[in-house]
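Engineer: My questions will all concern the structure given below.
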Amino acid sequence: MTAADDRRIEVLVAEDEESFVEALIVGLEREGFGVTIARDGLEALRLFDARTPDLLLLDVMLPKMSGLDVCRAIRARSSVPIIMVTAKSTEIDTVVGLEVGADDYVAKPYRLRELVSRMRAVLRRAPRPLEPDARAPASAPPALPLAEPPALVLEVGEVRLDPERHECTVRGEEVQLPLKEFELLEALLLSAGRVVTRDALIDRVWGLDYVGDTKTLDVHVKRLRSRIEKDPSKPVLITTIRGLGYRFEAPRRH
Ligand code: CA
């Protein structure tokens, strides 16, 4: 239902697993994206230069040149949104730890819907040299992963948050949170167990009002920790993922 005059978003997918390639071509084209496939790292670089895609979906483990090296090479000359795809949780640490310059990551196996919403989120955040009406089709508004606050109570481990009543309970005790800290905690709880990037947190909690320096987020995280962590100097609920963002630790279920 994409209008004919909408410019199609072109995605370069660097992926060497055939089952993923086929599913991505079908799924992403159905969502209105144009898809180009690179099956190794060198081909990814070559096609990136040839096609100048709007977004890069980059598997970490690629033949000939790793996704990490491809990411570094492209980041050195372009600010194109890059989403890394990891197959193992150990790779997540590598992606996050090495600060290769990716905008986000997804871990295999992922749901197409989740991938698409992350793609739209990074595209929305990316500066785009296009007219406003040439962005995403009006019929498919960008869906941020952290879009709407749910009416439901959020409960993860020892923290319980009721957005409707603006109430927070930690280890059974009510905790008073200023608005920004409340919203910050809500954003982290909504993605409990996953890294939420600094940009995503700033977007959600401050949006266009974010005029402070880059330390504002860290200051609020520090204050939030002082209210909910047993030992704020050794946080175990909200952990820092260096170079990327923060994660609310979800207790293991098994
Ligand atoms: Ca691979």
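Identifiers for the structure tokens are assigned positionally: chains receive A, B, ... in sequence, residues are indexed from 1 per chain, and ligands are indexed from 1 in the order shown.
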Report as JSON lines: every residue of chain A with an atom at most 10 Å from ligand 1, its closest pair of atoms, and their distance in Å to one decimal, counting only C-alpha atoms and all ligand atoms, with rows sorted by chain and ascending residue number.

Structural biologist:
```
{"residue": "A:Ala14", "atom": "CA", "partner": "ligand 1", "partner_atom_place_in_ligand_line": "1 (Ca)", "distance": 8.6}
{"residue": "A:Glu15", "atom": "CA", "partner": "ligand 1", "partner_atom_place_in_ligand_line": "1 (Ca)", "distance": 5.8}
{"residue": "A:Asp16", "atom": "CA", "partner": "ligand 1", "partner_atom_place_in_ligand_line": "1 (Ca)", "distance": 5.1}
{"residue": "A:Glu17", "atom": "CA", "partner": "ligand 1", "partner_atom_place_in_ligand_line": "1 (Ca)", "distance": 5.8}
{"residue": "A:Glu18", "atom": "CA", "partner": "ligand 1", "partner_atom_place_in_ligand_line": "1 (Ca)", "distance": 9.5}
{"residue": "A:Phe20", "atom": "CA", "partner": "ligand 1", "partner_atom_place_in_ligand_line": "1 (Ca)", "distance": 9.4}
{"residue": "A:Arg39", "atom": "CA", "partner": "ligand 1", "partner_atom_place_in_ligand_line": "1 (Ca)", "distance": 8.8}
{"residue": "A:Asp40", "atom": "CA", "partner": "ligand 1", "partner_atom_place_in_ligand_line": "1 (Ca)", "distance": 8.6}
{"residue": "A:Leu58", "atom": "CA", "partner": "ligand 1", "partner_atom_place_in_ligand_line": "1 (Ca)", "distance": 9.2}
{"residue": "A:Asp59", "atom": "CA", "partner": "ligand 1", "partner_atom_place_in_ligand_line": "1 (Ca)", "distance": 5.6}
{"residue": "A:Val60", "atom": "CA", "partner": "ligand 1", "partner_atom_place_in_ligand_line": "1 (Ca)", "distance": 6.4}
{"residue": "A:Met61", "atom": "CA", "partner": "ligand 1", "partner_atom_place_in_ligand_line": "1 (Ca)", "distance": 4.2}
{"residue": "A:Leu62", "atom": "CA", "partner": "ligand 1", "partner_atom_place_in_ligand_line": "1 (Ca)", "distance": 4.8}
{"residue": "A:Pro63", "atom": "CA", "partner": "ligand 1", "partner_atom_place_in_ligand_line": "1 (Ca)", "distance": 7.5}
{"residue": "A:Ser66", "atom": "CA", "partner": "ligand 1", "partner_atom_place_in_ligand_line": "1 (Ca)", "distance": 9.0}
{"residue": "A:Gly67", "atom": "CA", "partner": "ligand 1", "partner_atom_place_in_ligand_line": "1 (Ca)", "distance": 8.7}
{"residue": "A:Val85", "atom": "CA", "partner": "ligand 1", "partner_atom_place_in_ligand_line": "1 (Ca)", "distance": 8.6}
{"residue": "A:Thr86", "atom": "CA", "partner": "ligand 1", "partner_atom_place_in_ligand_line": "1 (Ca)", "distance": 8.2}
{"residue": "A:Ala87", "atom": "CA", "partner": "ligand 1", "partner_atom_place_in_ligand_line": "1 (Ca)", "distance": 7.5}
```

Engineer: Measure the distance from atom CA of Thr240 of chain A to atom CA of Val195 of chain A in Å and round it to one decimal.

Structural biologist: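 Calculated distance between atom CA of Thr240 of chain A and atom CA of Val195 of chain A is 8.9 Å.
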
Engineer: Given only C-alpha atoms as the basis, pick out the residue of A:Ala187, A:Ile25, A:Ala121, A:Met84 nearest to Phe248 of chain A.

Structural biologist: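 Distance minimum relative to Phe248 of chain A lands on A:Ala187.
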
Engineer: Would you mind listing what lies within 8 Å of Val11 of chain A as a PyMOL selection string, with only C-alpha atoms counted and same-chain residues fewer than 3 positions away left out?

Structural biologist: chain A and resi 33-36+53-57

Engineer: Enter the distance from atom CA of Pro163 of chain A to atom CA of Arg111 of chain A, in Å, rounded to one decimal.

Structural biologist: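 For atom CA of Pro163 of chain A relative to atom CA of Arg111 of chain A, the distance reads 26.9 Å.
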
Engineer: Could you tell me, as a list in words, which residues of segment 5-136 of chain A DSSP assigns to strand (DSSP E or B) when given the backbone?

Structural biologist: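 Everything in segment 5-136 of chain A that counts as strand (DSSP E or B) is Glu10, Val11, Leu12, Val13, Ala14, Gly34, Val35, Thr36, Ile37, Ala38, Leu55, Leu56, Leu57, Leu58, Asp59, Ile82, Ile83, Met84, Val85, Thr86, Asp104, Tyr105, Val106 and Ala107 of chain A.
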
Engineer: Since we have the selection now, will you write its residues out, keeping N, CA, C and O atoms, as a JSON list (two decimals), in the first residue's frame?

Structural biologist:
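Written out: out-v7.json:
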```json
[["chain", "number", "residue", "atom", "x", "y", "z"],
["A", 10, "GLU", "N", 16.15, 1.67, 0.52],
["A", 10, "GLU", "CA", 17.01, 0.58, 0.04],
["A", 10, "GLU", "C", 17.87, 0.04, 1.17],
["A", 10, "GLU", "O", 18.56, 0.79, 1.85],
["A", 11, "VAL", "N", 17.80, -1.27, 1.34],
["A", 11, "VAL", "CA", 18.54, -1.93, 2.42],
["A", 11, "VAL", "C", 19.58, -2.87, 1.82],
["A", 11, "VAL", "O", 19.27, -3.66, 0.93],
["A", 12, "LEU", "N", 20.80, -2.74, 2.29],
["A", 12, "LEU", "CA", 21.84, -3.71, 1.91],
["A", 12, "LEU", "C", 21.95, -4.73, 3.04],
["A", 12, "LEU", "O", 22.22, -4.36, 4.19],
["A", 13, "VAL", "N", 21.70, -5.99, 2.69],
["A", 13, "VAL", "CA", 21.74, -7.07, 3.68],
["A", 13, "VAL", "C", 23.00, -7.88, 3.44],
["A", 13, "VAL", "O", 23.16, -8.46, 2.35],
["A", 14, "ALA", "N", 23.91, -7.89, 4.41],
["A", 14, "ALA", "CA", 25.11, -8.71, 4.30],
["A", 14, "ALA", "C", 24.90, -9.95, 5.15],
["A", 14, "ALA", "O", 24.89, -9.89, 6.37],
["A", 34, "GLY", "N", 13.48, -1.96, -0.52],
["A", 34, "GLY", "CA", 14.25, -2.56, -1.59],
["A", 34, "GLY", "C", 15.41, -3.31, -0.97],
["A", 34, "GLY", "O", 16.04, -2.80, -0.05],
["A", 35, "VAL", "N", 15.70, -4.52, -1.43],
["A", 35, "VAL", "CA", 16.70, -5.36, -0.77],
["A", 35, "VAL", "C", 17.81, -5.75, -1.75],
["A", 35, "VAL", "O", 17.54, -6.23, -2.85],
["A", 36, "THR", "N", 19.06, -5.52, -1.32],
["A", 36, "THR", "CA", 20.22, -6.02, -2.06],
["A", 36, "THR", "C", 20.97, -6.95, -1.11],
["A", 36, "THR", "O", 21.13, -6.63, 0.06],
["A", 37, "ILE", "N", 21.43, -8.09, -1.63],
["A", 37, "ILE", "CA", 22.10, -9.07, -0.78],
["A", 37, "ILE", "C", 23.60, -9.12, -1.10],
["A", 37, "ILE", "O", 23.99, -9.19, -2.26],
["A", 38, "ALA", "N", 24.41, -9.06, -0.03],
["A", 38, "ALA", "CA", 25.84, -9.35, -0.17],
["A", 38, "ALA", "C", 26.12, -10.61, 0.63],
["A", 38, "ALA", "O", 25.66, -10.73, 1.76],
["A", 55, "LEU", "N", 20.25, 1.89, 4.45],
["A", 55, "LEU", "CA", 20.46, 1.17, 5.72],
["A", 55, "LEU", "C", 21.23, -0.11, 5.43],
["A", 55, "LEU", "O", 21.09, -0.70, 4.36],
["A", 56, "LEU", "N", 22.06, -0.49, 6.40],
["A", 56, "LEU", "CA", 22.86, -1.70, 6.24],
["A", 56, "LEU", "C", 22.52, -2.67, 7.36],
["A", 56, "LEU", "O", 22.55, -2.31, 8.53],
["A", 57, "LEU", "N", 22.17, -3.88, 6.97],
["A", 57, "LEU", "CA", 21.92, -4.95, 7.94],
["A", 57, "LEU", "C", 23.09, -5.92, 7.80],
["A", 57, "LEU", "O", 23.26, -6.55, 6.76],
["A", 58, "LEU", "N", 23.91, -5.98, 8.85],
["A", 58, "LEU", "CA", 25.23, -6.57, 8.70],
["A", 58, "LEU", "C", 25.45, -7.72, 9.67],
["A", 58, "LEU", "O", 25.51, -7.52, 10.89],
["A", 59, "ASP", "N", 25.57, -8.92, 9.13],
["A", 59, "ASP", "CA", 25.87, -10.09, 9.96],
["A", 59, "ASP", "C", 27.30, -9.97, 10.49],
["A", 59, "ASP", "O", 28.19, -9.50, 9.78],
["A", 82, "ILE", "N", 23.46, 1.50, 10.56],
["A", 82, "ILE", "CA", 23.93, 0.12, 10.48],
["A", 82, "ILE", "C", 23.35, -0.67, 11.64],
["A", 82, "ILE", "O", 23.46, -0.27, 12.80],
["A", 83, "ILE", "N", 22.72, -1.79, 11.32],
["A", 83, "ILE", "CA", 22.25, -2.72, 12.35],
["A", 83, "ILE", "C", 23.07, -3.99, 12.23],
["A", 83, "ILE", "O", 23.12, -4.60, 11.16],
["A", 84, "MET", "N", 23.75, -4.38, 13.31],
["A", 84, "MET", "CA", 24.53, -5.61, 13.31],
["A", 84, "MET", "C", 23.62, -6.78, 13.67],
["A", 84, "MET", "O", 22.72, -6.64, 14.49],
["A", 85, "VAL", "N", 23.90, -7.93, 13.07],
["A", 85, "VAL", "CA", 23.14, -9.14, 13.36],
["A", 85, "VAL", "C", 24.11, -10.14, 13.98],
["A", 85, "VAL", "O", 25.15, -10.45, 13.38],
["A", 86, "THR", "N", 23.80, -10.61, 15.17],
["A", 86, "THR", "CA", 24.70, -11.52, 15.85],
["A", 86, "THR", "C", 24.03, -12.88, 15.99],
["A", 86, "THR", "O", 22.82, -12.99, 16.05],
["A", 104, "ASP", "N", 22.60, -0.15, 16.10],
["A", 104, "ASP", "CA", 21.78, -1.07, 16.89],
["A", 104, "ASP", "C", 22.21, -2.48, 16.52],
["A", 104, "ASP", "O", 23.06, -2.67, 15.63],
["A", 105, "TYR", "N", 21.68, -3.47, 17.21],
["A", 105, "TYR", "CA", 21.96, -4.84, 16.82],
["A", 105, "TYR", "C", 20.73, -5.69, 17.09],
["A", 105, "TYR", "O", 19.87, -5.32, 17.89],
["A", 106, "VAL", "N", 20.63, -6.80, 16.40],
["A", 106, "VAL", "CA", 19.62, -7.81, 16.72],
["A", 106, "VAL", "C", 20.34, -9.15, 16.83],
["A", 106, "VAL", "O", 21.37, -9.36, 16.20],
["A", 107, "ALA", "N", 19.80, -10.02, 17.67],
["A", 107, "ALA", "CA", 20.40, -11.33, 17.85],
["A", 107, "ALA", "C", 19.54, -12.38, 17.15],
["A", 107, "ALA", "O", 18.32, -12.34, 17.21]]
```

Engineer: Please measure the separation of atom CA of Leu68 of chain A and atom CA of Gly27 of chain A, giving the value in Å to one decimal.

Structural biologist: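 Computing the Euclidean distance for atom CA of Leu68 of chain A and atom CA of Gly27 of chain A yields 24.8 Å.
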
Engineer: As JSON, numbers by chain, please: the residues near Val196 of chain A (cut-off 8 Å, only C-alpha atoms, same-chain neighbours under 6 positions excluded).

Structural biologist: {"A": [188, 244, 245, 246, 247]}

Engineer: Tell me which of A:Val21, A:Leu28, A:Val156, A:Val70 sits closest to Glu114 of chain A, counting only C-alpha atoms.

Structural biologist: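 When distances to Glu114 of chain A are compared using only C-alpha atoms, the smallest one comes from A:Leu28.
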
Engineer: Which residue gives the smallest distance to Gly172 of chain A among A:Ile228, A:Val122, A:Ala102, A:Met65, with only C-alpha atoms counted?

Structural biologist: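 When distances to Gly172 of chain A are compared using only C-alpha atoms, the smallest one comes from A:Ile228.
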
Engineer: Report as a PyMOL selection string all protein, DNA and RNA residues lying within 9 Å of Lys64 of chain A, evaluated on only C-alpha atoms, omitting residues in the same chain fewer than 4 positions from it.

Structural biologist: chain A and resi 40-43

Engineer: Which of these residues is nearest to Ala126 of chain A, using only C-alpha atoms: A:Leu161, A:Cys71, A:Leu152, A:Ala200?

Structural biologist: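 Smallest separation from Ala126 of chain A among the options: A:Ala200.
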
Engineer: When you look at Glu186 of chain A with a cut-off of 12 Å (counting only C-alpha atoms), what residues show up, excluding the ones that are within fewer than 6 positions of it in the same chain? I need them as a ChimeraX atom specification.

Structural biologist: /A:146-156,159-164,166-168,177,179-180,192,196,201,204-205,224,238,247-248
